[in-house]
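Notes for the one structure printed next.
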Amino acid sequence: MTFSIRRLPSLTARWHSTLLHSLLSSQRRCYSKTISYDSKLHLPTDPQEWTKVFKGSTRINHRISLRNPTTAAAIADAFVPEGSRDKVIIEAYPGPGQLTRALLDLPKERIKKIILLENWESYIDWLKPLKEADPRVEIVEMDPFLWDTYSHVSELGMLDGVQKMEWNKGVHPQLQFISHLPSTVHSEQLLSQFLRYMPDGNWLFAYGRVPLSLILSEHLYRRVVAAVTGTARCKLSIVAEATASCTPTLDFAATQPYDQHFYPLPSLRRMAIDMKKDVRAIGRPYRTMTVVPLEDQLIGKGQMDAWDFCLRRLFVKKSTQLKEVINLLAPNARVLITAVTNPNLPESEQLDVSKRIKDMDARDWSILLKAFYEWPFRPLDLTIHDNYASSLRSL
């Protein structure tokens, strides 16, 4: 099949531009020191050996990978627990494959196939022996950030035999996506894209409610699950609340402290300096999260662009009451207040317009978006123009 991909210019244009620059400027490959394939079947056990083996890979230091085999085994068992059968797993950013090895060590009936998406040669060299040793392993040497990668997986027939399920028939029992998310802003953009594909059943969700099992930064996790009263509450939090159940897979303590479980290993001095300046610095906590698409999506099919438009327009005034800023959506948008406060509606379909933007939960947004989508004079152009930010200064 060919994946139906929604293009979201506001999210992807800058992202793909950055990616292209990165790809063009990183022609120099990162090679590990010469080691026989036999020895590469097993990763080094000494943490310091990782630094020696992957010396020269500083350009991909943002690629956080599991290093501790005991931790990898615990995460693998949590991601694919007892009772799982014939899983077809797409694993993005496996790195040198510590988690992959742990997945392959699970009882064989749990996993039928693992498709590894990795584009760095220094890591691919450590994945190839797994393919030679276990016929369940497939390797696609392409970047998981690029959507063409997933179409390529399908075109190669790697997902043949995976059943398409109706959305209301439960979580997909076979197909699963597993990934380390790099410690960059692009990880938030990538996760945001995953969530935005759920309402329309695009990407892997064409197969049904496919679960995502992620290893991600604590910073990104908090933004995803932030409650209405949380300081980390953001547009991503609202889209996540409207589309998916996002829960920790293992307790936070299971992957702490960072240097006992992950690679790369910065020096303590470097870590202390970077962590003061950057919330995404290497050494900041990483953890696990399971994302399962909701059966009842609050975002209707074909309405993601409208949600994105309204969230971006209003969240710039997140500390202001909705009734004071609703005209940011369009001239005369105040008529929507009448629509969402209509006393003839059931109480569950009415909206308190005195709420501040940041205090609105996903259900509140769904009420507002329903009125917006039904408004005959709503804007047809749902892009945010360059002069929008400057116009806000006059409010």
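Chain labels follow the order of the structure tokens: the first chain is A, the next B, and so on; residue numbering restarts at 1 in every chain, and ligands are counted from 1 in their shown order.
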
Report as a PDB file with N, CA and C atoms, in the first residue's frame: the residues of segment 159-371 of chain A with a DSSP assignment of strand (DSSP E or B), based on the backbone of this structure.
```pdb
ATOM      1  N   VAL A 171      -7.093  -1.962  20.027  1.00  0.00           N
ATOM      2  CA  VAL A 171      -5.697  -1.660  19.674  1.00  0.00           C
ATOM      3  C   VAL A 171      -5.164  -2.768  18.769  1.00  0.00           C
ATOM      4  N   LEU A 175       0.762  -4.957  14.674  1.00  0.00           N
ATOM      5  CA  LEU A 175       1.680  -3.903  14.243  1.00  0.00           C
ATOM      6  C   LEU A 175       1.990  -2.956  15.400  1.00  0.00           C
ATOM      7  N   GLN A 176       3.265  -2.611  15.546  1.00  0.00           N
ATOM      8  CA  GLN A 176       3.704  -1.738  16.652  1.00  0.00           C
ATOM      9  C   GLN A 176       4.893  -0.909  16.194  1.00  0.00           C
ATOM     10  N   PHE A 177       4.941   0.327  16.658  1.00  0.00           N
ATOM     11  CA  PHE A 177       6.047   1.236  16.344  1.00  0.00           C
ATOM     12  C   PHE A 177       6.838   1.492  17.618  1.00  0.00           C
ATOM     13  N   ILE A 178       8.155   1.312  17.540  1.00  0.00           N
ATOM     14  CA  ILE A 178       9.050   1.532  18.677  1.00  0.00           C
ATOM     15  C   ILE A 178      10.155   2.480  18.236  1.00  0.00           C
ATOM     16  N   SER A 179      10.518   3.425  19.097  1.00  0.00           N
ATOM     17  CA  SER A 179      11.554   4.381  18.697  1.00  0.00           C
ATOM     18  C   SER A 179      12.226   5.032  19.890  1.00  0.00           C
ATOM     19  N   HIS A 180      13.554   5.243  19.776  1.00  0.00           N
ATOM     20  CA  HIS A 180      14.235   6.255  20.568  1.00  0.00           C
ATOM     21  C   HIS A 180      13.958   7.591  19.871  1.00  0.00           C
ATOM     22  N   ARG A 209      -5.587   1.231  15.119  1.00  0.00           N
ATOM     23  CA  ARG A 209      -5.037   1.902  16.307  1.00  0.00           C
ATOM     24  C   ARG A 209      -3.701   1.265  16.698  1.00  0.00           C
ATOM     25  N   LEU A 212       2.304   3.154  19.845  1.00  0.00           N
ATOM     26  CA  LEU A 212       3.671   3.660  19.753  1.00  0.00           C
ATOM     27  C   LEU A 212       4.347   3.465  21.095  1.00  0.00           C
ATOM     28  N   SER A 213       5.540   2.877  21.082  1.00  0.00           N
ATOM     29  CA  SER A 213       6.329   2.685  22.306  1.00  0.00           C
ATOM     30  C   SER A 213       7.601   3.509  22.161  1.00  0.00           C
ATOM     31  N   LEU A 214       7.759   4.503  23.022  1.00  0.00           N
ATOM     32  CA  LEU A 214       8.803   5.512  22.815  1.00  0.00           C
ATOM     33  C   LEU A 214       9.758   5.613  23.989  1.00  0.00           C
ATOM     34  N   ILE A 215      11.010   5.903  23.668  1.00  0.00           N
ATOM     35  CA  ILE A 215      12.023   6.290  24.655  1.00  0.00           C
ATOM     36  C   ILE A 215      12.333   7.747  24.350  1.00  0.00           C
ATOM     37  N   LEU A 216      12.015   8.626  25.267  1.00  0.00           N
ATOM     38  CA  LEU A 216      12.078  10.062  24.982  1.00  0.00           C
ATOM     39  C   LEU A 216      12.554  10.832  26.199  1.00  0.00           C
ATOM     40  N   SER A 217      12.881  12.090  26.003  1.00  0.00           N
ATOM     41  CA  SER A 217      13.350  12.924  27.099  1.00  0.00           C
ATOM     42  C   SER A 217      12.217  13.222  28.075  1.00  0.00           C
ATOM     43  N   ALA A 244      -4.916  10.738  21.897  1.00  0.00           N
ATOM     44  CA  ALA A 244      -4.250   9.518  22.357  1.00  0.00           C
ATOM     45  C   ALA A 244      -4.202   9.406  23.874  1.00  0.00           C
ATOM     46  N   SER A 245      -4.029   8.191  24.319  1.00  0.00           N
ATOM     47  CA  SER A 245      -3.701   7.913  25.716  1.00  0.00           C
ATOM     48  C   SER A 245      -2.182   7.816  25.808  1.00  0.00           C
ATOM     49  N   CYS A 246      -1.570   8.681  26.598  1.00  0.00           N
ATOM     50  CA  CYS A 246      -0.112   8.738  26.718  1.00  0.00           C
ATOM     51  C   CYS A 246       0.266   8.433  28.163  1.00  0.00           C
ATOM     52  N   THR A 247       0.874   7.288  28.398  1.00  0.00           N
ATOM     53  CA  THR A 247       1.169   6.845  29.760  1.00  0.00           C
ATOM     54  C   THR A 247       2.605   6.344  29.869  1.00  0.00           C
ATOM     55  N   PRO A 248       3.207   6.440  31.075  1.00  0.00           N
ATOM     56  CA  PRO A 248       4.550   5.877  31.247  1.00  0.00           C
ATOM     57  C   PRO A 248       4.511   4.358  31.121  1.00  0.00           C
ATOM     58  N   PHE A 262      22.255   5.080  29.314  1.00  0.00           N
ATOM     59  CA  PHE A 262      22.231   5.564  27.938  1.00  0.00           C
ATOM     60  C   PHE A 262      23.613   5.948  27.419  1.00  0.00           C
ATOM     61  N   TYR A 263      23.668   6.093  26.110  1.00  0.00           N
ATOM     62  CA  TYR A 263      24.833   6.596  25.391  1.00  0.00           C
ATOM     63  C   TYR A 263      24.325   7.710  24.470  1.00  0.00           C
ATOM     64  N   TYR A 286      15.925  10.618  30.537  1.00  0.00           N
ATOM     65  CA  TYR A 286      15.129   9.961  29.506  1.00  0.00           C
ATOM     66  C   TYR A 286      14.222   8.936  30.171  1.00  0.00           C
ATOM     67  N   ARG A 287      13.104   8.627  29.530  1.00  0.00           N
ATOM     68  CA  ARG A 287      12.155   7.695  30.113  1.00  0.00           C
ATOM     69  C   ARG A 287      11.357   7.004  29.002  1.00  0.00           C
ATOM     70  N   THR A 288      10.408   6.169  29.379  1.00  0.00           N
ATOM     71  CA  THR A 288       9.604   5.432  28.408  1.00  0.00           C
ATOM     72  C   THR A 288       8.150   5.902  28.437  1.00  0.00           C
ATOM     73  N   MET A 289       7.482   5.792  27.294  1.00  0.00           N
ATOM     74  CA  MET A 289       6.081   6.191  27.204  1.00  0.00           C
ATOM     75  C   MET A 289       5.368   5.333  26.155  1.00  0.00           C
ATOM     76  N   THR A 290       4.132   4.966  26.447  1.00  0.00           N
ATOM     77  CA  THR A 290       3.282   4.244  25.506  1.00  0.00           C
ATOM     78  C   THR A 290       2.173   5.175  25.032  1.00  0.00           C
ATOM     79  N   VAL A 291       2.001   5.248  23.714  1.00  0.00           N
ATOM     80  CA  VAL A 291       0.984   6.111  23.111  1.00  0.00           C
ATOM     81  C   VAL A 291       0.001   5.222  22.353  1.00  0.00           C
ATOM     82  N   VAL A 292      -1.275   5.286  22.744  1.00  0.00           N
ATOM     83  CA  VAL A 292      -2.314   4.475  22.097  1.00  0.00           C
ATOM     84  C   VAL A 292      -3.400   5.403  21.572  1.00  0.00           C
ATOM     85  N   PRO A 293      -3.681   5.372  20.282  1.00  0.00           N
ATOM     86  CA  PRO A 293      -4.745   6.237  19.733  1.00  0.00           C
ATOM     87  C   PRO A 293      -6.086   5.980  20.425  1.00  0.00           C
ATOM     88  N   GLN A 321      -8.496  35.509  28.708  1.00  0.00           N
ATOM     89  CA  GLN A 321      -9.773  34.812  28.590  1.00  0.00           C
ATOM     90  C   GLN A 321     -10.176  34.642  27.123  1.00  0.00           C
ATOM     91  N   ARG A 356      -9.297  31.126  30.695  1.00  0.00           N
ATOM     92  CA  ARG A 356      -8.101  31.535  29.975  1.00  0.00           C
ATOM     93  C   ARG A 356      -7.746  30.448  28.955  1.00  0.00           C
TER      94      ARG A 356
END
```

Considering only C-alpha atoms, return as a PyMOL selection string whatever protein or nucleic-acid residues lie within 8 Å of Glu349 of chain A, sequence-local ones (same chain, fewer than 3 positions apart) excluded.
-> chain A and resi 340+345-346+367

Residue contacts of segment 130-135 of chain A (9 Å, only C-alpha atoms) excluding same-chain residues fewer than 4 positions away, as a ChimeraX atom specification | /A:40-41,97,100-101,104,113,126,139

Looking at A:Phe145, A:Val153, A:Glu241, A:Pro47, which one is nearest to Leu190 of chain A, with distances taken over only C-alpha atoms?
-> A:Phe145

Looking at only C-alpha atoms, which of A:Thr249, A:Gln193, A:Gln260, A:Gln297 is the one that sits closest to Phe79 of chain A?
->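 So, comparing all the options, the nearest one is A:Thr249.
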
Select, from A:Arg223, A:Ser154, A:Glu188, A:Leu103, the residue with the minimum atom-to-atom distance to Ala206 of chain A, counting only C-alpha atoms.
->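 Among the listed residues, A:Ser154 lies closest to Ala206 of chain A.
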
DSSP on the backbone, then: every residue of segment 182-258 of chain A marked helix (DSSP H, G or I), written as a PyMOL selection string.
-> chain A and resi 185-197+203-207+218-225+235-243+252-255+258

May I have the residues within 8 Å of segment 359-362 of chain A as a list in words, using only C-alpha atoms and disregarding those fewer than 6 positions away in the same chain?
->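 The contact residues come out as Val228, Thr229, Ile238, Val239, Glu241, Ala242 and Leu298 of chain A.
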
Serialized selection, all heavy atoms, as a short mmCIF file (atom, residue, chain, number, x, y, z; two decimals), in the first residue's frame:
```
data_model
loop_
_atom_site.label_atom_id
_atom_site.label_comp_id
_atom_site.auth_asym_id
_atom_site.auth_seq_id
_atom_site.Cartn_x
_atom_site.Cartn_y
_atom_site.Cartn_z
N VAL A 228 -3.97 20.67 32.53
CA VAL A 228 -4.43 22.04 32.32
C VAL A 228 -3.71 23.02 33.23
O VAL A 228 -3.35 24.13 32.84
CB VAL A 228 -5.96 22.13 32.52
CG1 VAL A 228 -6.40 23.58 32.59
CG2 VAL A 228 -6.68 21.42 31.38
N THR A 229 -3.46 22.61 34.47
CA THR A 229 -2.82 23.51 35.44
C THR A 229 -1.30 23.48 35.37
O THR A 229 -0.64 24.21 36.09
CB THR A 229 -3.27 23.14 36.86
OG1 THR A 229 -2.94 21.76 37.11
CG2 THR A 229 -4.77 23.33 37.04
N ILE A 238 -2.41 19.57 24.17
CA ILE A 238 -3.84 19.56 23.82
C ILE A 238 -4.10 18.56 22.70
O ILE A 238 -5.06 17.78 22.77
CB ILE A 238 -4.29 20.97 23.42
CG1 ILE A 238 -4.17 21.91 24.62
CG2 ILE A 238 -5.71 20.96 22.90
CD1 ILE A 238 -4.22 23.37 24.27
N VAL A 239 -3.25 18.55 21.68
CA VAL A 239 -3.43 17.59 20.59
C VAL A 239 -3.27 16.17 21.11
O VAL A 239 -4.04 15.27 20.73
CB VAL A 239 -2.43 17.87 19.45
CG1 VAL A 239 -2.50 16.78 18.38
CG2 VAL A 239 -2.71 19.23 18.82
N GLU A 241 -3.89 15.11 24.18
CA GLU A 241 -5.08 14.81 24.98
C GLU A 241 -6.28 14.48 24.09
O GLU A 241 -7.13 13.64 24.44
CB GLU A 241 -5.41 16.00 25.88
CG GLU A 241 -6.58 15.78 26.83
CD GLU A 241 -6.94 17.03 27.61
OE1 GLU A 241 -6.19 18.03 27.55
OE2 GLU A 241 -7.99 17.01 28.28
N ALA A 242 -6.36 15.12 22.94
CA ALA A 242 -7.50 14.94 22.05
C ALA A 242 -7.41 13.68 21.20
O ALA A 242 -8.43 13.22 20.66
CB ALA A 242 -7.63 16.16 21.13
N LEU A 298 -11.36 13.26 19.54
CA LEU A 298 -12.03 14.55 19.68
C LEU A 298 -11.86 15.42 18.44
O LEU A 298 -12.62 16.36 18.22
CB LEU A 298 -11.49 15.29 20.90
CG LEU A 298 -11.88 14.70 22.27
CD1 LEU A 298 -11.27 15.53 23.39
CD2 LEU A 298 -13.38 14.63 22.42
#
```

Write out as an MDAnalysis selection string each polymer residue whose atoms come within 9 Å of Ala74 of chain A, counting only C-alpha atoms; drop sequence neighbours fewer than 4 positions from it.
-> chainID A and resid 69:70 78:79 102 250 254

Rounded to one decimal in Å, what is the spacing between atom CA of Ala240 of chain A and atom CA of Ala330 of chain A?
-> 25.5 Å

Got a sec: who's within 9 Å of segment 107-112 of chain A, counting only C-alpha atoms, leaving out chain neighbours fewer than 5 positions off, as a list in words?
->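 Near neighbours after the sequence-gap exclusion: Val80, Pro81, Glu82, Gly83, Ser84, Arg85, Asp86, Lys87, Val88, Ile89, Arg136 and Gln174 of chain A.
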
Give me, please, the distance in Å between atom CA of Trp167 of chain A and atom CA of Phe205 of chain A, quoted to one decimal.
->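 Pair atom CA of Trp167 of chain A / atom CA of Phe205 of chain A returns 8.9 Å.
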
Write out as a list in words which residues come within 12 Å of Gln303 of chain A when counting only C-alpha atoms, dropping same-chain ones fewer than 6 positions away.
-> Arg6, Arg196, Tyr197, Met198, Pro199, Asp200, Gln297, Phe309, Cys310, Ser366, Leu369, Lys370, Phe372, Tyr373, Glu374 and Leu382 of chain A

What separates atom CA of Ile114 of chain A and atom CA of Ala92 of chain A is a distance of 10.2 Å

Name the closest residue to Pro129 of chain A among the candidates A:Ser192, A:Asn61, A:Asn168, A:Ser39; distances are taken between atoms, counting only C-alpha atoms.
-> A:Ser39

Return the single residue from A:Ile90, A:Leu195, A:Ile75, A:Val210 that is closest to Lys164 of chain A, with distances computed using only C-alpha atoms.
->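 When distances to Lys164 of chain A are compared using only C-alpha atoms, the smallest one comes from A:Val210.
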
Which residue, A:Ser183, A:Asn202, A:Thr341, A:Thr320, has the smallest gap to Arg284 of chain A when you use only C-alpha atoms?
->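 Residue with the minimum atom-to-atom distance to Arg284 of chain A: A:Ser183.
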